[in-house]
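*Asks:* Structure file model-v6.txt (compact mmCIF, N, CA and C atoms) right here:
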```
# COMPACT_ATOMS: atom_id res chain seq x y z
N MET E 1 121.75 95.83 74.15
CA MET E 1 120.97 95.64 72.93
C MET E 1 121.20 94.23 72.43
N GLU E 2 120.15 93.48 72.20
CA GLU E 2 120.24 92.10 71.75
C GLU E 2 120.43 92.04 70.24
N LYS E 3 121.36 91.20 69.81
CA LYS E 3 121.65 91.04 68.39
C LYS E 3 120.61 90.11 67.77
N ASN E 4 120.02 90.52 66.68
CA ASN E 4 119.01 89.72 66.01
C ASN E 4 119.71 88.65 65.19
N SER E 5 119.58 87.37 65.59
CA SER E 5 120.28 86.29 64.93
C SER E 5 119.57 85.80 63.67
N SER E 6 118.31 86.16 63.50
CA SER E 6 117.59 85.74 62.31
C SER E 6 116.76 86.90 61.77
N PRO E 7 117.43 87.83 61.07
CA PRO E 7 116.72 88.99 60.57
C PRO E 7 115.69 88.61 59.51
N THR E 8 114.64 89.38 59.46
CA THR E 8 113.62 89.20 58.43
C THR E 8 113.44 90.52 57.72
N GLY E 9 113.11 90.42 56.46
CA GLY E 9 112.84 91.63 55.70
C GLY E 9 111.44 92.11 55.98
N GLY E 10 111.09 93.25 55.46
CA GLY E 10 109.77 93.79 55.64
C GLY E 10 108.69 92.90 55.04
N ASN E 11 109.10 92.01 54.13
CA ASN E 11 108.14 91.13 53.48
C ASN E 11 107.99 89.80 54.21
N GLY E 12 108.61 89.64 55.38
CA GLY E 12 108.45 88.44 56.17
C GLY E 12 109.41 87.31 55.81
N ARG E 13 110.27 87.53 54.84
CA ARG E 13 111.24 86.50 54.48
C ARG E 13 112.31 86.37 55.56
N HIS E 14 112.83 85.18 55.70
CA HIS E 14 113.87 84.91 56.69
C HIS E 14 115.24 84.99 56.00
N TYR E 15 116.18 85.63 56.66
CA TYR E 15 117.54 85.76 56.14
C TYR E 15 118.54 85.25 57.16
N ASN E 16 119.62 84.67 56.68
CA ASN E 16 120.71 84.21 57.53
C ASN E 16 121.97 85.02 57.25
N ARG E 17 122.80 85.10 58.25
CA ARG E 17 124.14 85.65 58.06
C ARG E 17 124.99 84.54 57.45
N PRO E 18 126.11 84.87 56.81
CA PRO E 18 126.94 83.85 56.16
C PRO E 18 127.35 82.70 57.09
N GLU E 19 127.68 82.99 58.32
CA GLU E 19 128.10 81.94 59.26
C GLU E 19 126.96 80.95 59.49
N GLN E 20 125.75 81.48 59.65
CA GLN E 20 124.58 80.64 59.87
C GLN E 20 124.27 79.79 58.64
N GLU E 21 124.39 80.40 57.47
CA GLU E 21 124.06 79.69 56.24
C GLU E 21 125.10 78.60 55.95
N ALA E 22 126.36 78.85 56.20
CA ALA E 22 127.39 77.83 56.00
C ALA E 22 127.13 76.64 56.92
N LYS E 23 126.77 76.93 58.16
CA LYS E 23 126.47 75.85 59.11
C LYS E 23 125.25 75.07 58.65
N ARG E 24 124.21 75.77 58.18
CA ARG E 24 123.00 75.11 57.72
C ARG E 24 123.28 74.18 56.54
N LEU E 25 124.17 74.61 55.65
CA LEU E 25 124.50 73.82 54.47
C LEU E 25 125.55 72.75 54.75
N GLY E 26 126.23 72.87 55.88
CA GLY E 26 127.27 71.90 56.22
C GLY E 26 128.54 72.10 55.41
N ILE E 27 128.85 73.36 55.11
CA ILE E 27 130.05 73.68 54.34
C ILE E 27 130.87 74.71 55.11
N SER E 28 132.08 74.94 54.65
CA SER E 28 132.94 75.93 55.30
C SER E 28 132.51 77.35 54.90
N HIS E 29 132.88 78.30 55.74
CA HIS E 29 132.60 79.70 55.44
C HIS E 29 133.34 80.10 54.16
N ARG E 30 134.54 79.54 53.95
CA ARG E 30 135.31 79.85 52.75
C ARG E 30 134.58 79.38 51.49
N GLN E 31 134.00 78.18 51.53
CA GLN E 31 133.25 77.68 50.36
C GLN E 31 132.06 78.57 50.07
N LEU E 32 131.36 78.98 51.11
CA LEU E 32 130.22 79.88 50.93
C LEU E 32 130.69 81.20 50.31
N SER E 33 131.80 81.72 50.79
CA SER E 33 132.36 82.97 50.24
C SER E 33 132.71 82.80 48.76
N ASN E 34 133.26 81.65 48.41
CA ASN E 34 133.59 81.39 47.01
C ASN E 34 132.33 81.38 46.15
N TRP E 35 131.27 80.74 46.64
CA TRP E 35 130.01 80.70 45.90
C TRP E 35 129.43 82.11 45.74
N MET E 36 129.55 82.95 46.77
CA MET E 36 129.06 84.32 46.66
C MET E 36 129.91 85.10 45.66
N ARG E 37 131.23 84.94 45.73
CA ARG E 37 132.13 85.64 44.83
C ARG E 37 131.84 85.27 43.37
N ASP E 38 131.60 83.97 43.14
CA ASP E 38 131.35 83.48 41.79
C ASP E 38 129.90 83.69 41.34
N ARG E 39 129.08 84.25 42.22
CA ARG E 39 127.65 84.50 41.96
C ARG E 39 126.88 83.19 41.71
N THR E 40 127.32 82.12 42.38
CA THR E 40 126.63 80.85 42.32
C THR E 40 125.35 80.92 43.15
N ILE E 41 125.42 81.63 44.26
CA ILE E 41 124.25 81.79 45.13
C ILE E 41 123.95 83.28 45.30
N PRO E 42 122.67 83.62 45.46
CA PRO E 42 122.30 85.03 45.64
C PRO E 42 122.50 85.47 47.08
N PHE E 43 122.81 86.73 47.25
CA PHE E 43 122.95 87.32 48.58
C PHE E 43 122.65 88.81 48.49
N ILE E 44 122.41 89.40 49.64
CA ILE E 44 122.13 90.83 49.74
C ILE E 44 123.24 91.44 50.57
N LYS E 45 123.77 92.56 50.10
CA LYS E 45 124.80 93.25 50.87
C LYS E 45 124.36 94.69 51.07
N ARG E 46 124.26 95.07 52.33
CA ARG E 46 123.91 96.44 52.70
C ARG E 46 125.01 96.95 53.60
N GLY E 47 125.88 97.78 53.06
CA GLY E 47 127.03 98.23 53.83
C GLY E 47 127.95 97.05 54.08
N ARG E 48 128.20 96.76 55.34
CA ARG E 48 129.05 95.62 55.70
C ARG E 48 128.25 94.37 56.03
N VAL E 49 126.93 94.47 55.99
CA VAL E 49 126.07 93.35 56.37
C VAL E 49 125.73 92.52 55.14
N ILE E 50 125.97 91.21 55.22
CA ILE E 50 125.62 90.28 54.15
C ILE E 50 124.54 89.36 54.67
N LEU E 51 123.45 89.23 53.90
CA LEU E 51 122.34 88.37 54.27
C LEU E 51 122.03 87.42 53.13
N LEU E 52 121.63 86.20 53.50
CA LEU E 52 121.28 85.19 52.51
C LEU E 52 119.90 84.65 52.82
N ASN E 53 119.08 84.51 51.79
CA ASN E 53 117.75 83.93 51.92
C ASN E 53 117.90 82.43 51.70
N PRO E 54 117.70 81.60 52.74
CA PRO E 54 117.90 80.16 52.59
C PRO E 54 117.10 79.53 51.45
N ALA E 55 115.89 79.98 51.22
CA ALA E 55 115.07 79.43 50.14
C ALA E 55 115.70 79.74 48.78
N ALA E 56 116.19 80.96 48.61
CA ALA E 56 116.82 81.35 47.35
C ALA E 56 118.15 80.61 47.15
N VAL E 57 118.89 80.39 48.22
CA VAL E 57 120.15 79.64 48.14
C VAL E 57 119.86 78.21 47.72
N ASP E 58 118.88 77.59 48.36
CA ASP E 58 118.52 76.20 48.01
C ASP E 58 118.10 76.10 46.55
N GLU E 59 117.31 77.06 46.10
CA GLU E 59 116.85 77.06 44.72
C GLU E 59 118.03 77.19 43.75
N ALA E 60 118.98 78.05 44.06
CA ALA E 60 120.15 78.24 43.21
C ALA E 60 121.01 76.98 43.17
N LEU E 61 121.15 76.32 44.30
CA LEU E 61 121.98 75.12 44.36
C LEU E 61 121.33 73.92 43.67
N GLU E 62 120.01 73.92 43.57
CA GLU E 62 119.31 72.84 42.88
C GLU E 62 119.73 72.73 41.43
N ARG E 63 120.14 73.85 40.83
CA ARG E 63 120.59 73.82 39.44
C ARG E 63 121.83 72.95 39.26
N PHE E 64 122.60 72.78 40.33
CA PHE E 64 123.84 72.02 40.25
C PHE E 64 123.69 70.59 40.78
N GLU E 65 122.48 70.25 41.17
CA GLU E 65 122.24 68.92 41.72
C GLU E 65 122.38 67.88 40.61
N ASN E 66 123.05 66.79 40.92
CA ASN E 66 123.25 65.71 39.95
C ASN E 66 121.97 64.89 39.85
N LYS E 67 121.29 65.01 38.74
CA LYS E 67 120.03 64.30 38.54
C LYS E 67 120.33 62.85 38.11
N GLU E 68 119.58 61.92 38.65
CA GLU E 68 119.77 60.52 38.30
C GLU E 68 119.53 60.33 36.81
N GLY E 69 120.48 59.68 36.14
CA GLY E 69 120.35 59.42 34.71
C GLY E 69 120.85 60.57 33.85
N ALA E 70 121.18 61.69 34.44
CA ALA E 70 121.69 62.82 33.65
C ALA E 70 123.16 62.62 33.34
N ARG E 71 123.55 63.06 32.18
CA ARG E 71 124.96 62.95 31.79
C ARG E 71 125.65 64.27 32.06
N ALA E 72 126.90 64.20 32.50
CA ALA E 72 127.68 65.40 32.82
C ALA E 72 128.22 66.05 31.57
```
The structure given in the file should be rewritten as C-alpha cells.
*Replies:*
Amino acid sequence: MEKNSSPTGGNGRHYNRPEQEAKRLGISHRQLSNWMRDRTIPFIKRGRVILLNPAAVDEALERFENKEGARA
C-alpha cells in the first residue's frame, strides 16, 4: 500500500504533514511543534494524524511579518 505524501481533503485543499511543512518553511520540526502548541498556526488533528494547510499556515504567519515602517 502506497503512503499518500500529499493528502487532500474532500474539498480539494492540499494538506502537508508536519515534517513536510517544516521543510517547506525552512524551520525545524521543533519550531513547528511550538507554533502548533501555542496556536500560532492552524492545524487539523484526527487521531494521531496531524495535517497542515500550507495556505492557512502562510496566512497565519503573515500576521507576524515585520512590515516596513511599522513600529514594534
*Asks:* Report, in Å with one decimal, the straight-line distance from CA of Lys67 in chain E to CA of Asn53 in chain E.
*Replies:* 23.9 Å
*Asks:* What does the distance from CA of Arg13 in chain E to CA of Asn66 in chain E come to in Å, to one decimal?
*Replies:*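 So the two atoms, CA of Arg13 in chain E and CA of Asn66 in chain E, lie 28.1 Å apart.
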*Asks:* One number please: atom C of Glu59 in chain E to CA of Arg37 in chain E, in Å, one decimal.
*Replies:*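 These two atoms are separated by 16.5 Å.
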*Asks:* Select, from E:Asp38, E:Arg46, E:Gln31, E:Ala55, the residue with the minimum atom-to-atom distance to Glu19 in chain E, counting only C-alpha atoms.
*Replies:* E:Gln31
*Asks:* Mind checking which residues fall within 8 Å of Val57 in chain E, counting all atoms listed in the file, ignoring those fewer than 2 positions away in the same chain, and posting them as a JSON list (two decimals) with N, CA and C atoms, in the coordinates of the input?
*Replies:*
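Saved to part09.json:
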```
[["chain", "number", "residue", "atom", "x", "y", "z"],
["E", 40, "THR", "N", 127.32, 82.12, 42.38],
["E", 40, "THR", "CA", 126.63, 80.85, 42.32],
["E", 40, "THR", "C", 125.35, 80.92, 43.15],
["E", 41, "ILE", "N", 125.42, 81.63, 44.26],
["E", 41, "ILE", "CA", 124.25, 81.79, 45.13],
["E", 41, "ILE", "C", 123.95, 83.28, 45.30],
["E", 42, "PRO", "N", 122.67, 83.62, 45.46],
["E", 42, "PRO", "CA", 122.30, 85.03, 45.64],
["E", 42, "PRO", "C", 122.50, 85.47, 47.08],
["E", 43, "PHE", "N", 122.81, 86.73, 47.25],
["E", 43, "PHE", "CA", 122.95, 87.32, 48.58],
["E", 43, "PHE", "C", 122.65, 88.81, 48.49],
["E", 52, "LEU", "N", 121.63, 86.20, 53.50],
["E", 52, "LEU", "CA", 121.28, 85.19, 52.51],
["E", 52, "LEU", "C", 119.90, 84.65, 52.82],
["E", 53, "ASN", "N", 119.08, 84.51, 51.79],
["E", 53, "ASN", "CA", 117.75, 83.93, 51.92],
["E", 53, "ASN", "C", 117.90, 82.43, 51.70],
["E", 54, "PRO", "N", 117.70, 81.60, 52.74],
["E", 54, "PRO", "CA", 117.90, 80.16, 52.59],
["E", 54, "PRO", "C", 117.10, 79.53, 51.45],
["E", 55, "ALA", "N", 115.89, 79.98, 51.22],
["E", 55, "ALA", "CA", 115.07, 79.43, 50.14],
["E", 55, "ALA", "C", 115.70, 79.74, 48.78],
["E", 59, "GLU", "N", 117.31, 77.06, 46.10],
["E", 59, "GLU", "CA", 116.85, 77.06, 44.72],
["E", 59, "GLU", "C", 118.03, 77.19, 43.75],
["E", 60, "ALA", "N", 118.98, 78.05, 44.06],
["E", 60, "ALA", "CA", 120.15, 78.24, 43.21],
["E", 60, "ALA", "C", 121.01, 76.98, 43.17],
["E", 61, "LEU", "N", 121.15, 76.32, 44.30],
["E", 61, "LEU", "CA", 121.98, 75.12, 44.36],
["E", 61, "LEU", "C", 121.33, 73.92, 43.67],
["E", 62, "GLU", "N", 120.01, 73.92, 43.57],
["E", 62, "GLU", "CA", 119.31, 72.84, 42.88],
["E", 62, "GLU", "C", 119.73, 72.73, 41.43]]
```
*Asks:* Starting from the point (120.1, 79.0, 56.6), work out which residues of protein, DNA or RNA have an atom no more than 8 Å away when counting only C-alpha atoms; state them as a VMD selection string.
*Replies:* chain E and resid 15 to 17 20 to 25 52 to 54
*Asks:* Given the choices E:Ile44, E:Arg39, E:Leu51, E:Arg30, which gets closest to Pro18 in chain E if the distance is worked out from only C-alpha atoms?
*Replies:* E:Leu51
*Asks:* Could you give me the centre and size, in Å to one decimal, of an axis-aligned box around all listed atoms of range 35-48 of chain E with 5 Å added on every side, as lines of an AutoDock Vina configuration file?
*Replies:*
```
center_x = 127.1
center_y = 89.5
center_z = 48.7
size_x = 20.0
size_y = 27.5
size_z = 24.7
```
